[in-house]
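Structure first, then comments.
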Amino acid sequence: MTRPPQPCYAGFMKKISLTGIKPTGLLHIGNYFGAIKPALELAKEYDARYFIADYHALNLIKDPKTLARYTREVAAGWLAAGLNPDELVFYRQSSVPETFELTTMLMAFTSKGLMNRAHAYKAAVQANLEKGEDPDAGINMGLYTYPVLMAADILLFDPDVVPVGRDQVQHVEMAQDIAQVINFNYKQDCLKVPQAVVQESVAVVPGLDGRKMSKSYGNAIPLFAPEQDLHKLIKRIVTNSQALEEPKDPDSSQIFQLYKLFASEEELLALAARFRNGGMGWGEAKEELFRVMNRELTPLRERFNAFIADPVRLDAILAQGAEKARLIARKTIARLRKATGIDR
Ligand code: TRP
């Protein structure tokens with residue numbers, strides 16, 4: 001009996017999910033509901049490999065203290081949010097040098113034209129042209145080749161799915177393209193071709209001004225803000241000029257939208273009724289939002305602070321993750337070194 005040819009990465013039982021987290025700032029409530037929670041949900045079903053993309057952040061962040069701090073904070077943030085490092089592989093990109101060897105290999109199969117089409121690069125060129133500057137002003141090779149490094153992050157770990165935000169889908173498609181070029185060239189399935197999974201946030205997370213919560217809009221509520229800061233931010237939520245006694249529409253209020261993310265079913269019904277009945281001012285609604293948000297976020301904040309206060313423990317978790325990651329990565333590299341003829 002002849003067996004069908006097995007792809008060389010075969011042998012895993014569970015499907016694999018992989019994603020990278022760029023440490024470029026403090027995590028906020030929008031990140032939590034839009035990326036962290038769904039990714040941790042996915043990790044229950046998949047063999048998950050999640051990592052801090054610190055070399056991707058280096059393209060942007062040139063101050064060493066800032067890069068180190070963001071990396072620690074993002075790692076502590078995901079752990080505080082419930083990532084269990086015993087159940088999934090959690091590591092720093094920079095701790096897996098195989099990534100950079102694979103990047104070099106992928107470069108040989110990536111057309112320059114493909115990189116020219118990357119949205120992030122095109123947007124930077126466009127912005128330069130609009131300012132009447134040289135098209136390449138301020139654009140480093142890290143930004144230009146960003147999709148190749150990202151393809152290496154992905155292809156090194158044989159994922160079936162890559163959960164990402166909409167803005168990253170093109171990058172995952174480029175990883176598919178590059179993998180296919182390599183598989184075609186060597187006439188074997190050296191690299192698993194992954195699928196992007198767009199993480200549709202379960203809920204819209206409005207920011208302080210009612211627009212979508214985003215760091216770039218300056219309307220974000222940090223996930224681990226100390227209690228007093230959280231209180232101050234909530235008081236800054238923009239409201240309309242309806243008077244205290246007027247009935248209010250819960251669905252068009254960002255106070256209520258935020259409340260939905262944290263409150264129990266009963267609390268939700270109760271607050272909706274108070275909105276509709278009138279007699280409750282915006283100030284009081286904000287106090288109620290603060291009470292519930294603070295109640296739900298306090299345990300997360302405490303776990304986060306504990307990780308930040310214990311860098312030895314944090315480093316040990318990441319080092320253990322890196323070791324697990326490298327066991328996988330070394331196999332991919334060995335396979336590719338053989339396929340390419342670098343190793344005979
Ligand atoms: N580029 C991604 C972002 O900006 C982060 C990232 C780096 C990533 N490598 C990855 C995401 C690999 C998924 C897979 O959000």
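Each chain of the structure tokens is named A, B, ... in the order shown, its residues numbered from 1; ligands are numbered from 1 in display order.
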Dump the neighbourhood of ligand 1 as a ChimeraX atom specification: all residues within 6 Å, distances computed on only C-alpha atoms and all ligand atoms.
/A:19-22,53,150,153-154,162,164
Which residues of region 150-241 of chain A have any atom within 8 Å of an atom in region 112-127 of chain A when counting only C-alpha atoms, and what is the closest pair of atoms for each, with the distance in Å to one decimal? Order the rows by chain and rising number and write it as CSV.
residue,atom,partner,partner_atom,distance
A:Gln170,CA,A:Ala118,CA,7.4
A:His171,CA,A:Ala118,CA,7.6
A:Met174,CA,A:Leu114,CA,7.7
Dump of all heavy atoms for the selected residues, as a short mmCIF file (atom, residue, chain, number, x, y, z; two decimals), in the first residue's frame:
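Writing the result to out28.cif gives the following:
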data_model
loop_
_atom_site.label_atom_id
_atom_site.label_comp_id
_atom_site.auth_asym_id
_atom_site.auth_seq_id
_atom_site.Cartn_x
_atom_site.Cartn_y
_atom_site.Cartn_z
N GLN A 170 -3.13 41.86 4.92
CA GLN A 170 -2.24 41.90 3.76
C GLN A 170 -0.89 41.25 4.09
O GLN A 170 -0.31 40.54 3.26
CB GLN A 170 -2.05 43.34 3.28
CG GLN A 170 -1.30 43.39 1.95
CD GLN A 170 -0.68 44.74 1.65
OE1 GLN A 170 -0.27 45.46 2.55
NE2 GLN A 170 -0.59 45.07 0.37
N HIS A 171 -0.39 41.50 5.29
CA HIS A 171 0.89 40.91 5.68
C HIS A 171 0.81 39.38 5.73
O HIS A 171 1.74 38.69 5.33
CB HIS A 171 1.33 41.45 7.04
CG HIS A 171 1.72 42.90 7.00
ND1 HIS A 171 1.61 43.74 8.08
CD2 HIS A 171 2.22 43.66 6.00
CE1 HIS A 171 2.03 44.95 7.75
NE2 HIS A 171 2.41 44.92 6.49
N MET A 174 0.93 38.07 2.31
CA MET A 174 2.29 38.07 1.77
C MET A 174 3.06 36.85 2.27
O MET A 174 3.84 36.24 1.53
CB MET A 174 3.00 39.36 2.14
CG MET A 174 2.44 40.54 1.36
SD MET A 174 3.27 42.07 1.80
CE MET A 174 2.69 43.12 0.45
#
Please provide the set of residues having any atom within 8 Å of Phe275 (chain A), restricted to only C-alpha atoms, with same-chain residues fewer than 4 positions apart removed, written as a PDB file with N, CA, C and O atoms, in the first residue's frame.
ATOM      1  N   PRO A 247     -35.235  61.708  30.099  1.00  0.00           N
ATOM      2  CA  PRO A 247     -34.958  60.296  29.771  1.00  0.00           C
ATOM      3  C   PRO A 247     -33.798  60.228  28.768  1.00  0.00           C
ATOM      4  O   PRO A 247     -33.679  61.118  27.918  1.00  0.00           O
ATOM      5  N   LYS A 248     -32.979  59.192  28.905  1.00  0.00           N
ATOM      6  CA  LYS A 248     -31.799  59.098  28.037  1.00  0.00           C
ATOM      7  C   LYS A 248     -31.770  57.753  27.319  1.00  0.00           C
ATOM      8  O   LYS A 248     -32.256  56.759  27.839  1.00  0.00           O
ATOM      9  N   ASP A 249     -31.182  57.775  26.133  1.00  0.00           N
ATOM     10  CA  ASP A 249     -31.122  56.552  25.326  1.00  0.00           C
ATOM     11  C   ASP A 249     -29.821  55.804  25.632  1.00  0.00           C
ATOM     12  O   ASP A 249     -28.735  56.290  25.308  1.00  0.00           O
ATOM     13  N   PRO A 250     -29.932  54.625  26.261  1.00  0.00           N
ATOM     14  CA  PRO A 250     -28.700  53.900  26.624  1.00  0.00           C
ATOM     15  C   PRO A 250     -27.846  53.557  25.397  1.00  0.00           C
ATOM     16  O   PRO A 250     -26.614  53.662  25.450  1.00  0.00           O
ATOM     17  N   LEU A 271     -29.415  49.651  34.884  1.00  0.00           N
ATOM     18  CA  LEU A 271     -28.922  50.952  34.414  1.00  0.00           C
ATOM     19  C   LEU A 271     -29.709  51.423  33.187  1.00  0.00           C
ATOM     20  O   LEU A 271     -30.031  52.607  33.072  1.00  0.00           O
ATOM     21  N   GLY A 279     -34.128  61.313  35.298  1.00  0.00           N
ATOM     22  CA  GLY A 279     -33.837  61.518  36.719  1.00  0.00           C
ATOM     23  C   GLY A 279     -32.415  61.134  37.099  1.00  0.00           C
ATOM     24  O   GLY A 279     -32.005  61.310  38.240  1.00  0.00           O
ATOM     25  N   MET A 280     -31.668  60.603  36.146  1.00  0.00           N
ATOM     26  CA  MET A 280     -30.262  60.301  36.436  1.00  0.00           C
ATOM     27  C   MET A 280     -29.378  61.169  35.528  1.00  0.00           C
ATOM     28  O   MET A 280     -29.538  61.151  34.308  1.00  0.00           O
TER      29      MET A 280
END
As a PyMOL selection string, list the residues of region 93-316 of chain A assigned to helix (DSSP H, G or I) by DSSP on the backbone atoms of this structure.
chain A and resi 93-95+98-107+112-116+119-130+141-144+146-155+166-186+215-217+227-235+250-252+254-262+265-277+282-309+311-316
Expected file: the selected residues, C-alpha atoms, as a CSV table (one decimal), in the first residue's frame:
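File written: again16.csv
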chain,number,residue,atom,x,y,z
A,93,GLN,CA,10.6,37.3,19.0
A,94,SER,CA,14.2,38.4,19.9
A,95,SER,CA,14.7,35.2,21.9
A,98,GLU,CA,15.9,31.2,14.0
A,99,THR,CA,13.5,33.9,13.1
A,100,PHE,CA,16.3,35.9,11.6
A,101,GLU,CA,17.8,33.0,9.8
A,102,LEU,CA,14.5,32.3,8.2
A,103,THR,CA,14.1,35.9,7.3
A,104,THR,CA,17.3,35.8,5.3
A,105,MET,CA,16.0,32.7,3.5
A,106,LEU,CA,12.7,34.3,2.7
A,107,MET,CA,14.4,37.4,1.4
A,112,LYS,CA,11.0,43.7,-4.3
A,113,GLY,CA,7.7,44.5,-6.1
A,114,LEU,CA,5.8,42.6,-3.4
A,115,MET,CA,7.3,44.9,-0.7
A,116,ASN,CA,6.5,48.0,-2.8
A,119,HIS,CA,0.1,49.2,2.7
A,120,ALA,CA,2.3,50.5,5.5
A,121,TYR,CA,5.2,51.3,3.2
A,122,LYS,CA,2.9,52.8,0.6
A,123,ALA,CA,1.2,55.0,3.1
A,124,ALA,CA,4.6,56.3,4.3
A,125,VAL,CA,5.7,57.1,0.7
A,126,GLN,CA,2.4,58.8,0.1
A,127,ALA,CA,2.7,60.9,3.2
A,128,ASN,CA,6.2,62.0,2.1
A,129,LEU,CA,5.0,62.9,-1.4
A,130,GLU,CA,2.1,65.0,0.1
A,141,MET,CA,14.7,49.0,5.7
A,142,GLY,CA,13.0,47.6,8.7
A,143,LEU,CA,9.7,49.2,7.7
A,144,TYR,CA,10.3,48.3,4.0
A,146,TYR,CA,8.5,44.4,7.7
A,147,PRO,CA,6.4,41.8,5.9
A,148,VAL,CA,9.3,39.5,5.4
A,149,LEU,CA,10.2,39.5,9.1
A,150,MET,CA,6.5,38.9,9.9
A,151,ALA,CA,6.4,36.1,7.3
A,152,ALA,CA,9.3,34.5,9.1
A,153,ASP,CA,7.6,34.9,12.5
A,154,ILE,CA,4.6,33.0,11.0
A,155,LEU,CA,6.2,30.4,8.8
A,166,ARG,CA,-7.9,43.9,9.6
A,167,ASP,CA,-4.8,46.0,9.0
A,168,GLN,CA,-2.6,43.0,9.1
A,169,VAL,CA,-4.4,40.7,6.7
A,170,GLN,CA,-2.2,41.9,3.8
A,171,HIS,CA,0.9,40.9,5.7
A,172,VAL,CA,-0.4,37.4,6.3
A,173,GLU,CA,-1.3,37.1,2.6
A,174,MET,CA,2.3,38.1,1.8
A,175,ALA,CA,3.4,35.3,4.1
A,176,GLN,CA,1.2,32.9,2.1
A,177,ASP,CA,2.7,34.2,-1.2
A,178,ILE,CA,6.2,33.7,0.0
A,179,ALA,CA,5.5,30.2,1.3
A,180,GLN,CA,4.0,29.2,-2.0
A,181,VAL,CA,6.9,30.5,-4.0
A,182,ILE,CA,9.2,28.4,-1.8
A,183,ASN,CA,7.1,25.2,-1.9
A,184,PHE,CA,6.8,25.5,-5.7
A,185,ASN,CA,10.5,26.0,-6.1
A,186,TYR,CA,11.5,22.9,-4.0
A,215,LYS,CA,-4.2,55.2,21.0
A,216,SER,CA,-3.8,57.4,18.0
A,217,TYR,CA,-7.1,59.3,18.7
A,227,GLU,CA,-7.9,53.6,40.4
A,228,GLN,CA,-7.7,57.4,40.6
A,229,ASP,CA,-6.6,57.8,37.0
A,230,LEU,CA,-9.4,55.5,35.9
A,231,HIS,CA,-11.9,57.6,37.8
A,232,LYS,CA,-10.6,60.9,36.3
A,233,LEU,CA,-10.7,59.4,32.7
A,234,ILE,CA,-14.2,58.2,33.1
A,235,LYS,CA,-15.3,61.7,34.3
A,250,PRO,CA,-28.7,53.9,26.6
A,251,ASP,CA,-27.8,52.6,23.2
A,252,SER,CA,-26.4,55.9,21.9
A,254,GLN,CA,-20.7,55.5,25.2
A,255,ILE,CA,-21.1,55.3,29.0
A,256,PHE,CA,-23.6,52.6,28.5
A,257,GLN,CA,-21.5,50.9,25.7
A,258,LEU,CA,-18.6,50.7,28.1
A,259,TYR,CA,-20.8,49.5,31.0
A,260,LYS,CA,-22.0,46.6,28.8
A,261,LEU,CA,-18.5,45.3,28.6
A,262,PHE,CA,-18.1,45.0,32.4
A,265,GLU,CA,-26.9,41.2,33.1
A,266,GLU,CA,-28.9,42.5,36.1
A,267,GLU,CA,-26.8,45.6,36.4
A,268,LEU,CA,-27.2,46.2,32.7
A,269,LEU,CA,-31.0,46.0,32.9
A,270,ALA,CA,-31.1,48.2,35.9
A,271,LEU,CA,-28.9,51.0,34.4
A,272,ALA,CA,-30.8,50.8,31.1
A,273,ALA,CA,-34.1,51.4,33.1
A,274,ARG,CA,-32.6,54.3,34.9
A,275,PHE,CA,-31.4,55.9,31.6
A,276,ARG,CA,-34.9,55.6,30.1
A,277,ASN,CA,-36.8,56.8,33.2
A,282,TRP,CA,-24.5,61.9,33.3
A,283,GLY,CA,-22.3,62.4,36.4
A,284,GLU,CA,-24.1,59.7,38.3
A,285,ALA,CA,-24.0,57.3,35.3
A,286,LYS,CA,-20.3,57.9,35.1
A,287,GLU,CA,-19.9,57.0,38.8
A,288,GLU,CA,-21.8,53.8,38.2
A,289,LEU,CA,-19.6,53.0,35.3
A,290,PHE,CA,-16.5,53.6,37.4
A,291,ARG,CA,-17.8,51.4,40.2
A,292,VAL,CA,-18.3,48.4,37.9
A,293,MET,CA,-15.2,48.9,35.7
A,294,ASN,CA,-13.0,49.3,38.7
A,295,ARG,CA,-14.4,46.2,40.3
A,296,GLU,CA,-13.7,44.1,37.2
A,297,LEU,CA,-10.3,45.6,36.4
A,298,THR,CA,-8.9,45.6,39.9
A,299,PRO,CA,-7.8,41.9,39.8
A,300,LEU,CA,-6.2,42.4,36.4
A,301,ARG,CA,-4.4,45.5,37.6
A,302,GLU,CA,-3.2,43.7,40.7
A,303,ARG,CA,-1.8,40.8,38.7
A,304,PHE,CA,-0.2,43.2,36.2
A,305,ASN,CA,1.5,45.2,39.0
A,306,ALA,CA,2.7,42.0,40.6
A,307,PHE,CA,4.4,40.9,37.3
A,308,ILE,CA,5.9,44.4,36.9
A,309,ALA,CA,7.2,44.2,40.5
A,311,PRO,CA,11.0,41.1,36.7
A,312,VAL,CA,12.8,37.9,37.5
A,313,ARG,CA,9.6,35.9,37.4
A,314,LEU,CA,8.5,37.6,34.2
A,315,ASP,CA,11.9,36.9,32.5
A,316,ALA,CA,11.8,33.3,33.7
Measuring atom to atom with only C-alpha atoms, identify which of A:Asp86, A:Asp209, A:Glu41, A:Glu73 is nearest to Pro163 (chain A).
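Smallest distance to Pro163 (chain A) is found for A:Glu41.
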A:Leu67, A:Leu88, A:Ala35, A:Val204: which is nearest Ala48 (chain A), counting only C-alpha atoms?
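Selected residue with least distance to Ala48 (chain A): A:Leu88.
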Let's see if you can do this: from backbone DSSP, list all strand (DSSP E or B) residues in region 153-307 of chain A, as a ChimeraX atom specification.
/A:161-164,195-198,206,212,222
If you keep C-alpha atoms, can you produce a file of those selected residues as a compact mmCIF listing (two decimals), in the first residue's frame?
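The result, stored in result.txt:
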# COMPACT_ATOMS: atom_id res chain seq x y z
CA VAL A 161 -4.46 30.31 11.56
CA VAL A 162 -3.06 33.74 12.31
CA PRO A 163 -5.50 35.90 14.29
CA VAL A 164 -4.90 39.54 13.39
CA GLN A 195 -4.85 31.57 6.92
CA ALA A 196 -5.51 34.97 8.44
CA VAL A 197 -8.39 35.08 10.88
CA VAL A 198 -9.74 38.58 11.32
CA PRO A 206 -15.88 53.45 22.20
CA LYS A 212 -13.53 53.93 18.31
CA PRO A 222 -5.49 52.22 29.71
Distance query region 334-338 of chain A at most 9 Å, only C-alpha atoms, self and fewer than 4 positions along chain excluded, as a ChimeraX atom specification:
/A:8-9,102,105,190-191,329-330,342-344
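CA of Trp78 (chain A) lies 7.0 Å from CA of Ile36 (chain A).
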Identify which of the residues A:Ile139, A:Leu208, A:Leu83, A:Met13 lies closest to His28 (chain A), counting only C-alpha atoms when measuring atom-to-atom distances.
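That would be A:Leu208, the residue with the smallest distance to His28 (chain A).
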Out of A:Thr145, A:Asn31, A:Ser111, A:Gln242, which residue has the shortest atom-to-atom distance to Gly165 (chain A) when counting only C-alpha atoms?
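Ranking A:Thr145, A:Asn31, A:Ser111, A:Gln242 by distance to Gly165 (chain A), first place goes to A:Asn31.
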